[in-house]
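A.B. asks: So here's final-v4.cif, just mmCIF, C-alpha atoms and all ligand atoms:
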data_work
#
loop_
_atom_site.group_PDB
_atom_site.id
_atom_site.type_symbol
_atom_site.label_atom_id
_atom_site.label_comp_id
_atom_site.auth_asym_id
_atom_site.auth_seq_id
_atom_site.Cartn_x
_atom_site.Cartn_y
_atom_site.Cartn_z
ATOM 1 C CA MET G 23 209.797 106.144 114.879
ATOM 2 C CA LYS G 24 209.631 102.576 116.246
ATOM 3 C CA LYS G 25 205.945 102.351 115.146
ATOM 4 C CA LYS G 26 206.806 103.398 111.574
ATOM 5 C CA VAL G 27 209.458 100.679 111.376
ATOM 6 C CA ILE G 28 206.961 98.032 112.561
ATOM 7 C CA VAL G 29 204.312 99.141 110.000
ATOM 8 C CA ALA G 30 206.881 99.166 107.172
ATOM 9 C CA THR G 31 208.196 95.735 108.194
ATOM 10 C CA CYS G 32 204.654 94.290 108.270
ATOM 11 C CA GLY G 33 203.943 95.778 104.809
ATOM 12 C CA VAL G 34 207.071 94.206 103.339
ATOM 13 C CA LEU G 35 206.254 90.880 105.008
ATOM 14 C CA PHE G 36 202.676 90.818 103.568
ATOM 15 C CA MET G 37 203.928 91.704 100.079
ATOM 16 C CA ALA G 38 206.514 88.918 100.317
ATOM 17 C CA LEU G 39 203.868 86.380 101.407
ATOM 18 C CA ILE G 40 201.624 87.422 98.479
ATOM 19 C CA THR G 41 204.517 87.165 96.045
ATOM 20 C CA VAL G 42 205.358 83.595 97.106
ATOM 21 C CA GLY G 43 201.649 82.692 97.025
ATOM 22 C CA VAL G 44 201.087 82.050 100.738
ATOM 23 C CA LEU G 45 198.522 84.895 100.996
ATOM 24 C CA LYS G 46 195.975 86.075 98.444
ATOM 25 C CA PRO G 47 195.489 89.851 97.987
ATOM 26 C CA GLY G 48 191.869 89.566 99.279
ATOM 27 C CA THR G 49 193.084 88.062 102.528
ATOM 28 C CA ILE G 50 194.678 91.328 103.555
ATOM 29 C CA ARG G 51 191.485 93.272 102.748
ATOM 30 C CA SER G 52 189.512 90.837 104.859
ATOM 31 C CA LEU G 53 191.641 91.793 107.853
ATOM 32 C CA PHE G 54 190.032 95.230 107.701
ATOM 33 C CA PRO G 55 186.262 94.546 107.843
ATOM 34 C CA ALA G 56 185.420 98.258 108.130
ATOM 35 C CA GLU G 57 186.473 98.631 104.511
ATOM 36 C CA ARG G 58 183.932 96.008 103.417
ATOM 37 C CA SER G 59 180.972 97.412 105.320
ATOM 38 C CA ILE G 60 180.331 100.373 103.027
ATOM 39 C CA PRO G 61 176.625 100.006 102.075
ATOM 40 C CA PRO G 62 175.654 99.854 98.395
ATOM 41 C CA MET G 63 174.349 103.136 97.015
ATOM 42 C CA ALA G 64 170.640 103.266 97.877
ATOM 43 C CA SER G 65 169.762 105.674 95.094
ATOM 44 C CA ALA G 66 170.863 103.244 92.388
ATOM 45 C CA LYS G 67 167.964 100.917 93.227
ATOM 46 C CA GLU G 68 165.257 103.544 93.777
ATOM 47 C CA GLU G 69 162.567 103.458 91.127
ATOM 48 C CA SER G 70 161.482 106.679 89.542
ATOM 49 C CA PHE G 71 158.011 108.016 90.269
ATOM 50 C CA HIS G 72 156.476 111.033 88.668
ATOM 51 C CA ILE G 73 153.081 112.364 87.666
ATOM 52 C CA LEU G 74 152.109 111.691 84.075
ATOM 53 C CA PRO G 75 150.537 114.663 82.306
ATOM 54 C CA LEU G 76 147.406 114.179 80.201
ATOM 55 C CA LYS G 77 148.320 113.784 76.543
ATOM 56 C CA LYS G 78 145.315 115.868 75.570
ATOM 57 C CA LYS G 79 143.699 118.410 77.855
ATOM 58 C CA PRO G 80 139.929 118.142 78.383
ATOM 59 C CA SER G 81 137.658 120.253 76.273
ATOM 60 C CA PRO G 82 136.326 123.183 78.357
ATOM 61 C CA GLN G 83 132.856 122.586 76.922
ATOM 62 C CA LYS G 84 132.589 119.028 78.194
ATOM 63 C CA PRO G 85 132.192 117.697 81.747
ATOM 64 C CA THR G 86 135.404 115.819 82.613
ATOM 65 C CA VAL G 87 135.606 112.512 84.468
ATOM 66 C CA PHE G 88 138.623 110.639 85.811
ATOM 67 C CA TYR G 89 138.411 106.924 86.607
ATOM 68 C CA PHE G 90 141.162 105.575 88.855
ATOM 69 C CA VAL G 91 141.494 101.910 87.934
ATOM 70 C CA PRO G 92 143.475 99.753 90.394
ATOM 71 C CA HIS G 93 144.119 96.854 87.964
ATOM 72 C CA ALA G 94 143.649 96.037 84.302
ATOM 73 C CA ASP G 95 140.105 94.521 84.064
ATOM 74 C CA ASP G 96 138.502 96.733 86.769
ATOM 75 C CA GLU G 97 137.736 99.325 84.079
ATOM 76 C CA VAL G 98 135.436 96.744 82.446
ATOM 77 C CA LEU G 99 134.219 94.685 85.403
ATOM 78 C CA THR G 100 133.296 97.551 87.727
ATOM 79 C CA PHE G 101 133.545 100.758 85.699
ATOM 80 C CA GLY G 102 132.471 99.517 82.251
ATOM 81 C CA VAL G 103 128.805 100.436 82.732
ATOM 82 C CA PRO G 104 129.404 104.013 83.976
ATOM 83 C CA ILE G 105 132.222 104.642 81.442
ATOM 84 C CA ILE G 106 129.906 103.723 78.564
ATOM 85 C CA GLN G 107 127.154 105.900 80.043
ATOM 86 C CA ASP G 108 129.514 108.850 80.571
ATOM 87 C CA LEU G 109 130.750 108.608 76.971
ATOM 88 C CA LYS G 110 127.147 108.520 75.733
ATOM 89 C CA GLN G 111 126.516 111.731 77.668
ATOM 90 C CA ASN G 112 129.416 113.275 75.762
ATOM 91 C CA LYS G 113 131.688 113.597 78.792
ATOM 92 C CA GLU G 114 135.461 113.697 78.430
ATOM 93 C CA VAL G 115 136.514 110.440 80.103
ATOM 94 C CA TYR G 116 140.060 109.635 81.262
ATOM 95 C CA VAL G 117 141.028 106.232 82.623
ATOM 96 C CA ILE G 118 144.082 106.129 84.865
ATOM 97 C CA LEU G 119 145.393 102.604 85.323
ATOM 98 C CA MET G 120 147.349 102.494 88.582
ATOM 99 C CA SER G 121 149.299 99.261 88.099
ATOM 100 C CA HIS G 122 150.635 96.785 85.568
ATOM 101 C CA GLY G 123 149.326 94.002 87.788
ATOM 102 C CA ASP G 124 152.472 91.926 87.904
ATOM 103 C CA ILE G 125 151.198 90.038 90.944
ATOM 104 C CA THR G 126 148.515 87.582 89.933
ATOM 105 C CA GLY G 127 147.829 83.934 90.594
ATOM 106 C CA ALA G 128 147.100 83.622 86.880
ATOM 107 C CA ARG G 129 150.838 83.587 86.073
ATOM 108 C CA ALA G 130 151.369 80.078 87.437
ATOM 109 C CA ARG G 131 148.346 78.828 85.471
ATOM 110 C CA ILE G 132 149.483 80.522 82.259
ATOM 111 C CA ASN G 133 153.045 79.279 82.647
ATOM 112 C CA LYS G 134 151.770 75.695 82.542
ATOM 113 C CA ARG G 135 150.655 76.426 78.985
ATOM 114 C CA VAL G 136 153.542 78.514 77.605
ATOM 115 C CA ASP G 137 157.248 78.009 77.082
ATOM 116 C CA PRO G 138 159.408 79.798 78.149
ATOM 117 C CA ASP G 139 157.720 80.978 81.358
ATOM 118 C CA LEU G 140 156.466 84.550 81.537
ATOM 119 C CA THR G 141 158.211 86.727 84.094
ATOM 120 C CA SER G 142 155.962 88.809 86.334
ATOM 121 C CA ARG G 143 157.002 91.927 84.372
ATOM 122 C CA GLU G 144 156.121 90.325 81.020
ATOM 123 C CA LEU G 145 152.786 89.287 82.414
ATOM 124 C CA GLY G 146 152.195 92.844 83.665
ATOM 125 C CA GLN G 147 152.875 94.246 80.204
ATOM 126 C CA ALA G 148 150.465 91.733 78.668
ATOM 127 C CA ARG G 149 147.799 92.881 81.163
ATOM 128 C CA VAL G 150 148.351 96.480 80.118
ATOM 129 C CA ASN G 151 147.832 95.372 76.500
ATOM 130 C CA GLU G 152 144.483 93.808 77.485
ATOM 131 C CA PHE G 153 143.528 97.071 79.229
ATOM 132 C CA THR G 154 144.468 99.096 76.149
ATOM 133 C CA GLU G 155 142.416 96.866 73.872
ATOM 134 C CA ALA G 156 139.400 96.841 76.216
ATOM 135 C CA THR G 157 139.393 100.637 76.557
ATOM 136 C CA ASN G 158 139.799 101.003 72.776
ATOM 137 C CA ARG G 159 136.701 98.874 72.370
ATOM 138 C CA MET G 160 134.790 101.144 74.741
ATOM 139 C CA GLY G 161 135.721 104.111 72.573
ATOM 140 C CA LEU G 162 138.666 105.589 74.488
ATOM 141 C CA ASP G 163 141.856 106.453 72.653
ATOM 142 C CA ASP G 164 145.465 106.771 73.748
ATOM 143 C CA ASP G 165 144.959 110.440 74.664
ATOM 144 C CA HIS G 166 142.467 109.361 77.312
ATOM 145 C CA ARG G 167 144.420 106.738 79.241
ATOM 146 C CA LEU G 168 147.521 106.742 81.408
ATOM 147 C CA VAL G 169 149.345 103.850 83.027
ATOM 148 C CA TYR G 170 151.160 103.985 86.372
ATOM 149 C CA ASP G 171 153.187 101.271 88.044
ATOM 150 C CA LEU G 172 152.032 100.890 91.650
ATOM 151 C CA PHE G 173 151.368 97.603 93.498
ATOM 152 C CA VAL G 174 154.551 95.909 92.299
ATOM 153 C CA GLU G 175 155.891 92.588 93.571
ATOM 154 C CA GLY G 176 157.507 93.051 96.989
ATOM 155 C CA GLY G 177 156.109 96.612 97.176
ATOM 156 C CA ASN G 178 155.053 98.525 100.254
ATOM 157 C CA ARG G 179 151.319 99.177 100.758
ATOM 158 C CA ASP G 180 151.833 102.356 102.802
ATOM 159 C CA LEU G 181 154.010 103.785 100.055
ATOM 160 C CA ASP G 182 151.446 102.663 97.457
ATOM 161 C CA TYR G 183 148.751 104.527 99.375
ATOM 162 C CA GLU G 184 150.845 107.702 99.572
ATOM 163 C CA ARG G 185 151.604 107.519 95.871
ATOM 164 C CA ALA G 186 147.991 106.791 94.938
ATOM 165 C CA LYS G 187 146.934 109.873 96.896
ATOM 166 C CA THR G 188 149.686 111.964 95.289
ATOM 167 C CA ILE G 189 148.539 110.846 91.829
ATOM 168 C CA VAL G 190 144.851 111.587 92.442
ATOM 169 C CA ALA G 191 145.706 114.912 94.106
ATOM 170 C CA ALA G 192 147.764 116.011 91.089
ATOM 171 C CA TYR G 193 144.773 115.708 88.719
ATOM 172 C CA VAL G 194 142.437 117.233 91.307
ATOM 173 C CA LYS G 195 144.714 120.246 91.528
ATOM 174 C CA GLU G 196 144.924 120.692 87.772
ATOM 175 C CA TYR G 197 141.285 119.873 86.976
ATOM 176 C CA PRO G 198 139.304 120.858 90.097
ATOM 177 C CA GLN G 199 135.973 120.933 88.238
ATOM 178 C CA ALA G 200 136.267 117.310 87.107
ATOM 179 C CA GLU G 201 134.518 114.308 88.645
ATOM 180 C CA PHE G 202 136.728 111.668 90.317
ATOM 181 C CA LYS G 203 135.561 108.057 90.375
ATOM 182 C CA SER G 204 136.947 104.905 91.931
ATOM 183 C CA MET G 205 136.203 102.049 94.301
ATOM 184 C CA SER G 206 135.050 101.800 97.892
ATOM 185 C CA VAL G 207 137.178 101.918 101.033
ATOM 186 C CA PHE G 208 135.202 98.822 102.073
ATOM 187 C CA ASP G 209 136.527 96.675 99.239
ATOM 188 C CA VAL G 210 137.962 93.322 100.329
ATOM 189 C CA HIS G 211 140.828 93.775 97.855
ATOM 190 C CA PRO G 212 143.335 96.040 99.649
ATOM 191 C CA GLU G 213 144.520 97.653 96.400
ATOM 192 C CA HIS G 214 140.927 98.607 95.528
ATOM 193 C CA ALA G 215 140.415 100.018 99.024
ATOM 194 C CA ILE G 216 143.617 102.089 98.745
ATOM 195 C CA LEU G 217 142.096 104.033 95.847
ATOM 196 C CA GLY G 218 138.838 104.463 97.775
ATOM 197 C CA LYS G 219 140.754 105.777 100.771
ATOM 198 C CA ALA G 220 142.833 108.195 98.680
ATOM 199 C CA ILE G 221 139.705 109.759 97.176
ATOM 200 C CA GLN G 222 137.856 109.773 100.490
ATOM 201 C CA GLU G 223 140.681 111.643 102.228
ATOM 202 C CA LEU G 224 140.934 114.221 99.459
ATOM 203 C CA LYS G 225 137.184 114.671 99.661
ATOM 204 C CA ASN G 226 137.278 115.075 103.447
ATOM 205 C CA SER G 227 139.948 117.746 103.111
ATOM 206 C CA ASN G 228 137.731 119.545 100.552
ATOM 207 C CA SER G 229 140.233 119.075 97.741
ATOM 208 C CA ILE G 230 137.720 117.013 95.730
ATOM 209 C CA GLN G 231 134.344 118.637 95.076
ATOM 210 C CA ASN G 232 132.824 116.000 92.863
ATOM 211 C CA SER G 233 133.297 112.242 93.287
ATOM 212 C CA GLN G 234 131.567 108.912 92.877
ATOM 213 C CA THR G 235 132.333 105.552 94.458
ATOM 214 C CA PHE G 236 131.501 102.109 93.060
ATOM 215 C CA ALA G 237 131.313 98.702 94.692
ATOM 216 C CA SER G 238 133.366 96.180 92.753
ATOM 217 C CA ILE G 239 131.538 93.357 91.020
ATOM 218 C CA ASN G 240 133.556 91.046 93.263
ATOM 219 C CA ILE G 241 132.261 92.321 96.605
ATOM 220 C CA MET G 242 128.656 92.596 95.346
ATOM 221 C CA ARG G 243 128.525 89.168 93.698
ATOM 222 C CA THR G 244 131.387 86.671 93.368
ATOM 223 C CA CYS G 245 132.946 87.166 96.814
ATOM 224 C CA LYS G 246 129.663 86.080 98.412
ATOM 225 C CA LYS G 247 130.079 82.624 96.860
ATOM 226 C CA SER G 248 133.388 81.996 98.641
ATOM 227 C CA PRO G 249 133.300 81.516 102.443
ATOM 228 C CA ARG G 250 136.921 82.700 102.740
ATOM 229 C CA CYS G 251 136.302 85.906 100.781
ATOM 230 C CA SER G 252 132.929 86.666 102.358
ATOM 231 C CA GLY G 253 134.421 86.093 105.827
ATOM 232 C CA ARG G 254 137.074 88.721 105.126
ATOM 233 C CA GLN G 255 134.498 91.100 103.653
ATOM 234 C CA GLU G 256 132.263 90.681 106.725
ATOM 235 C CA LYS G 257 135.114 91.854 108.951
ATOM 236 C CA ILE G 258 135.561 94.966 106.784
ATOM 237 C CA GLY G 259 131.824 95.638 106.447
ATOM 238 C CA MET G 260 129.812 96.324 103.307
ATOM 239 C CA PRO G 261 129.370 99.711 101.654
ATOM 240 C CA VAL G 262 125.822 101.132 101.590
ATOM 241 C CA VAL G 263 124.125 100.892 98.199
ATOM 242 C CA GLU G 264 122.953 104.232 96.867
ATOM 243 C CA GLN G 265 121.948 103.421 93.316
ATOM 244 C CA GLU G 266 122.112 100.663 90.720
ATOM 245 C CA ILE G 267 123.068 101.614 87.207
ATOM 246 C CA LYS G 268 122.355 99.347 84.264
ATOM 247 C CA LEU G 269 122.991 99.183 80.576
ATOM 248 C CA THR G 270 119.636 98.643 78.927
ATOM 249 C CA GLU G 271 120.233 99.282 75.234
ATOM 250 C CA PRO G 272 121.472 96.221 73.290
ATOM 251 C CA LYS G 273 124.025 98.396 71.474
ATOM 252 C CA ASP G 274 125.645 99.422 74.782
ATOM 253 C CA LYS G 275 125.602 95.869 76.138
ATOM 254 C CA HIS G 276 127.342 94.775 72.960
ATOM 255 C CA VAL G 277 130.093 97.397 73.453
ATOM 256 C CA LEU G 278 130.648 96.212 77.027
ATOM 257 C CA SER G 279 130.675 92.576 76.015
ATOM 258 C CA LYS G 280 133.230 93.240 73.260
ATOM 259 C CA ALA G 281 135.415 95.157 75.739
ATOM 260 C CA ALA G 282 135.251 92.254 78.203
ATOM 261 C CA ASP G 283 136.269 89.865 75.414
ATOM 262 C CA ALA G 284 139.628 91.666 75.123
ATOM 263 C CA TYR G 285 140.465 89.760 78.322
ATOM 264 C CA ARG G 286 139.785 86.384 76.653
ATOM 265 C CA VAL G 287 142.202 86.562 73.729
ATOM 266 C CA TRP G 288 144.617 83.594 73.736
ATOM 267 C CA ASP G 289 147.412 84.039 71.193
ATOM 268 C CA PRO G 290 150.750 83.581 73.018
ATOM 269 C CA LYS G 291 152.833 84.116 69.880
ATOM 270 C CA LYS G 292 151.482 87.644 69.682
ATOM 271 C CA GLY G 293 151.602 88.268 73.443
ATOM 272 C CA TRP G 294 147.934 87.604 74.331
ATOM 273 C CA TYR G 295 147.384 85.325 77.333
ATOM 274 C CA SER G 296 143.719 85.708 78.293
ATOM 275 C CA ILE G 297 144.882 86.931 81.711
ATOM 276 C CA GLY G 298 141.605 88.549 82.785
ATOM 277 C CA GLU G 299 139.537 85.487 81.971
ATOM 278 C CA ILE G 300 142.039 83.113 83.603
ATOM 279 C CA SER G 301 142.267 85.308 86.760
ATOM 280 C CA VAL G 302 138.589 85.987 87.481
ATOM 281 C CA PRO G 303 136.320 83.964 85.154
ATOM 282 C CA GLY G 304 133.366 84.232 87.557
ATOM 283 C CA GLN G 305 133.423 88.047 87.510
ATOM 284 C CA PHE G 306 133.395 88.152 83.706
ATOM 285 C CA ARG G 307 130.480 85.666 83.667
ATOM 286 C CA GLU G 308 128.569 87.829 86.147
ATOM 287 C CA LEU G 309 129.142 90.985 84.116
ATOM 288 C CA LYS G 310 127.800 89.360 80.952
ATOM 289 C CA ARG G 311 124.808 87.859 82.776
ATOM 290 C CA ASP G 312 123.861 91.232 84.271
ATOM 291 C CA PRO G 313 125.674 94.444 83.230
ATOM 292 C CA THR G 314 124.835 96.391 86.390
ATOM 293 C CA THR G 315 127.122 98.460 88.606
ATOM 294 C CA ILE G 316 126.491 99.765 92.104
ATOM 295 C CA ILE G 317 127.135 103.348 93.211
ATOM 296 C CA VAL G 318 127.682 103.398 96.957
ATOM 297 C CA LYS G 319 127.224 106.102 99.601
ATOM 298 C CA GLU G 320 130.414 107.995 100.331
HETATM 299 ZN ZN ZN G 401 141.183 94.869 90.731
#
Could you render the structure as structure tokens?
Ligand SMILES: [Zn+2]
C.D. replies:
Amino acid sequence: MKKKVIVATCGVLFMALITVGVLKPGTIRSLFPAERSIPPMASAKEESFHILPLKKKPSPQKPTVFYFVPHADDEVLTFGVPIIQDLKQNKEVYVILMSHGDITGARARINKRVDPDLTSRELGQARVNEFTEATNRMGLDDDHRLVYDLFVEGGNRDLDYERAKTIVAAYVKEYPQAEFKSMSVFDVHPEHAILGKAIQELKNSNSIQNSQTFASINIMRTCKKSPRCSGRQEKIGMPVVEQEIKLTEPKDKHVLSKAADAYRVWDPKKGWYSIGEISVPGQFRELKRDPTTIIVKE
């Protein structure tokens, strides 16, 4: 009874102090910190992640190939030669871009030349546009490409690896007869190596029957010209070369060159920022000088 009287008296006293302006309403709440420590709802910030279905199923008469492309430009720089060859052999080719590529040193360089600055998301969308144009020029249509959103700014590499493996595994399950192609586990770029590791693990567990691994143009050529990059690559080790594949016909070289040029378009008003060329000019030069790609031992 005595306790109830004390509580009621305190309540009346606080209300009176608020009324005369001595206390603010928030002051009373701050006396009860437990009330303020309720965490924000985690689910509100969680991004959605789901497997994208193919827009057009492969023709049963054609051999089917999936290329898992870590970033926009890898489909030209490292996979351009085999994609053009596969299309010539009348294979059904799908390119799966794994990221928008929001994180790139090119953004700071581009932002010196544009106003207002591009956000990392805007830059990522512009990279996807370059990818779409480049793959169009190689002869792939919208039914044969998909775009995921891994490797985001502030992302988690372990989660990226799990998701990359989940993505590859989903297409393996649905199209077990297809061929699955990507980069080497030995690649100095961790996001390239993640794709290599995902395919390697699925192969080791006998989920993938048919795969092919390529060494990026960076580790075979441009990285060797930079002591910092080659030092890192030395620690990882180099993949073993199995076979070189080349484009020999002028018509095919022209297709590849045109596809690479999609990464050189500078027209900011229309959303073209030459991101590929500004990011890795040396790799584009190398590709044009010698359109060769390396298949490595798995
Ligand atoms: Zn890349």
A.B. asks: Can you work out which one of G:Lys195, G:Arg179, G:Lys246, G:Arg311 has the shortest atom-to-atom distance to Leu269 in chain G, counting all atoms listed in the file?
C.D. replies: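 Closest candidate: G:Arg311.
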A.B. asks: Let me see if you get this right: every residue at most 9 Å from ligand ZN 401 (chain G), counting all atoms listed in the file, written as a PyMOL selection string.
C.D. replies: chain G and resi 91-97+99-100+123+211+213-214+238+240
A.B. asks: Let me make sure I understand: among G:Tyr285, G:Ile239, G:Ser204, G:Gln107, which one has the smallest atom-to-atom distance to Ile300 in chain G if we use all atoms listed in the file?
C.D. replies: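 Among G:Tyr285, G:Ile239, G:Ser204, G:Gln107, it is G:Tyr285 that comes nearest to Ile300 in chain G.
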A.B. asks: May I ask which of the residues G:Ile105, G:Ile241, G:Val98, G:Glu196 is the closest one to Glu299 in chain G, counting all atoms listed in the file?
C.D. replies: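 Among the listed residues, G:Val98 lies closest to Glu299 in chain G.
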A.B. asks: Could you tell me how far CA of Ser81 in chain G sits from CA of Lys273 in chain G, in Å to one decimal place?
C.D. replies: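 We find that CA of Lys273 in chain G and CA of Ser81 in chain G lie 26.2 Å from each other.
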A.B. asks: Would you compute the distance between CA of Val263 in chain G and CA of Val318 in chain G? Give it in Å to one decimal.
C.D. replies: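 Answer for the CA of Val263 in chain G to CA of Val318 in chain G separation: 4.5 Å.
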A.B. asks: Using only C-alpha atoms, collect all residues at a distance of at most 12 Å from (142.2, 96.2, 81.0) as written in the file, then present them as a PyMOL selection string.
C.D. replies: chain G and resi 91-102+117-123+146-160+162+167-169+281-286+296-299
A.B. asks: What separation in Å, quoted to one decimal, exists between CA of Gly161 in chain G and CA of Lys113 in chain G?
C.D. replies: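 So the two atoms, CA of Gly161 in chain G and CA of Lys113 in chain G, lie 12.0 Å apart.
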A.B. asks: Could you write out as a list of chain:residue names the residues that the PyMOL selection byres (((chain G and resi 192) around 12) and not hetatm) matches in the shown file?
C.D. replies: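 With the shown file as input, the PyMOL selection byres (((chain G and resi 192) around 12) and not hetatm) matches G:His72, G:Ile73, G:Leu74, G:Pro75, G:Leu76, G:Phe88, G:Arg185, G:Ala186, G:Lys187, G:Thr188, G:Ile189, G:Val190, G:Ala191, G:Tyr193, G:Val194, G:Lys195, G:Glu196, G:Tyr197, G:Pro198, G:Phe202, G:Ala220, G:Ile221, G:Leu224, G:Ser229, G:Ile230.
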A.B. asks: Select, from G:Asp312, G:Asp139, G:Asp124, G:Glu175, the residue with the minimum atom-to-atom distance to Thr270 in chain G, counting all atoms listed in the file.
C.D. replies: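 Smallest distance to Thr270 in chain G is found for G:Asp312.
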A.B. asks: Between G:Ser206, G:Thr86, G:Ser279, G:Thr141, which has the minimum distance to Ile258 in chain G (counting all atoms listed in the file)?
C.D. replies: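 Counting all atoms listed in the file, the residue closest to Ile258 in chain G is G:Ser206.
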A.B. asks: Reconstruct N, CA and C atoms of range 154-174 of chain G; output as a short mmCIF file (atom, residue, chain, number, x, y, z; two decimals), keeping the file's coordinate frame.
C.D. replies:
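Written file, out-v6.cif:
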data_model
loop_
_atom_site.label_atom_id
_atom_site.label_comp_id
_atom_site.auth_asym_id
_atom_site.auth_seq_id
_atom_site.Cartn_x
_atom_site.Cartn_y
_atom_site.Cartn_z
N THR G 154 144.48 98.17 77.28
CA THR G 154 144.47 99.10 76.15
C THR G 154 143.42 98.66 75.13
N GLU G 155 143.38 97.37 74.85
CA GLU G 155 142.42 96.87 73.87
C GLU G 155 140.98 97.04 74.38
N ALA G 156 140.76 96.72 75.65
CA ALA G 156 139.40 96.84 76.22
C ALA G 156 138.93 98.29 76.18
N THR G 157 139.81 99.23 76.55
CA THR G 157 139.39 100.64 76.56
C THR G 157 139.22 101.16 75.13
N ASN G 158 140.03 100.66 74.20
CA ASN G 158 139.80 101.00 72.78
C ASN G 158 138.38 100.60 72.38
N ARG G 159 138.01 99.40 72.77
CA ARG G 159 136.70 98.87 72.37
C ARG G 159 135.55 99.65 73.00
N MET G 160 135.85 100.31 74.13
CA MET G 160 134.79 101.14 74.74
C MET G 160 134.76 102.54 74.12
N GLY G 161 135.74 102.82 73.27
CA GLY G 161 135.72 104.11 72.57
C GLY G 161 136.70 105.13 73.13
N LEU G 162 137.66 104.66 73.94
CA LEU G 162 138.67 105.59 74.49
C LEU G 162 139.96 105.44 73.70
N ASP G 163 140.60 106.55 73.41
CA ASP G 163 141.86 106.45 72.65
C ASP G 163 143.05 106.69 73.58
N ASP G 164 144.23 106.66 72.98
CA ASP G 164 145.46 106.77 73.75
C ASP G 164 145.58 108.10 74.50
N ASP G 165 144.92 109.14 73.99
CA ASP G 165 144.96 110.44 74.66
C ASP G 165 144.16 110.43 75.97
N HIS G 166 143.36 109.39 76.15
CA HIS G 166 142.47 109.36 77.31
C HIS G 166 142.81 108.25 78.30
N ARG G 167 144.01 107.71 78.22
CA ARG G 167 144.42 106.74 79.24
C ARG G 167 145.89 106.96 79.60
N LEU G 168 146.16 106.67 80.88
CA LEU G 168 147.52 106.74 81.41
C LEU G 168 147.77 105.48 82.22
N VAL G 169 149.03 105.08 82.29
CA VAL G 169 149.34 103.85 83.03
C VAL G 169 150.46 104.12 84.03
N TYR G 170 150.15 103.88 85.30
CA TYR G 170 151.16 103.98 86.37
C TYR G 170 151.66 102.58 86.73
N ASP G 171 152.55 102.55 87.72
CA ASP G 171 153.19 101.27 88.04
C ASP G 171 153.23 101.04 89.56
N LEU G 172 152.09 101.18 90.21
CA LEU G 172 152.03 100.89 91.65
C LEU G 172 151.79 99.39 91.85
N PHE G 173 151.71 98.98 93.11
CA PHE G 173 151.37 97.60 93.50
C PHE G 173 152.31 96.57 92.85
N VAL G 174 153.60 96.84 92.91
CA VAL G 174 154.55 95.91 92.30
C VAL G 174 154.90 94.79 93.28
#
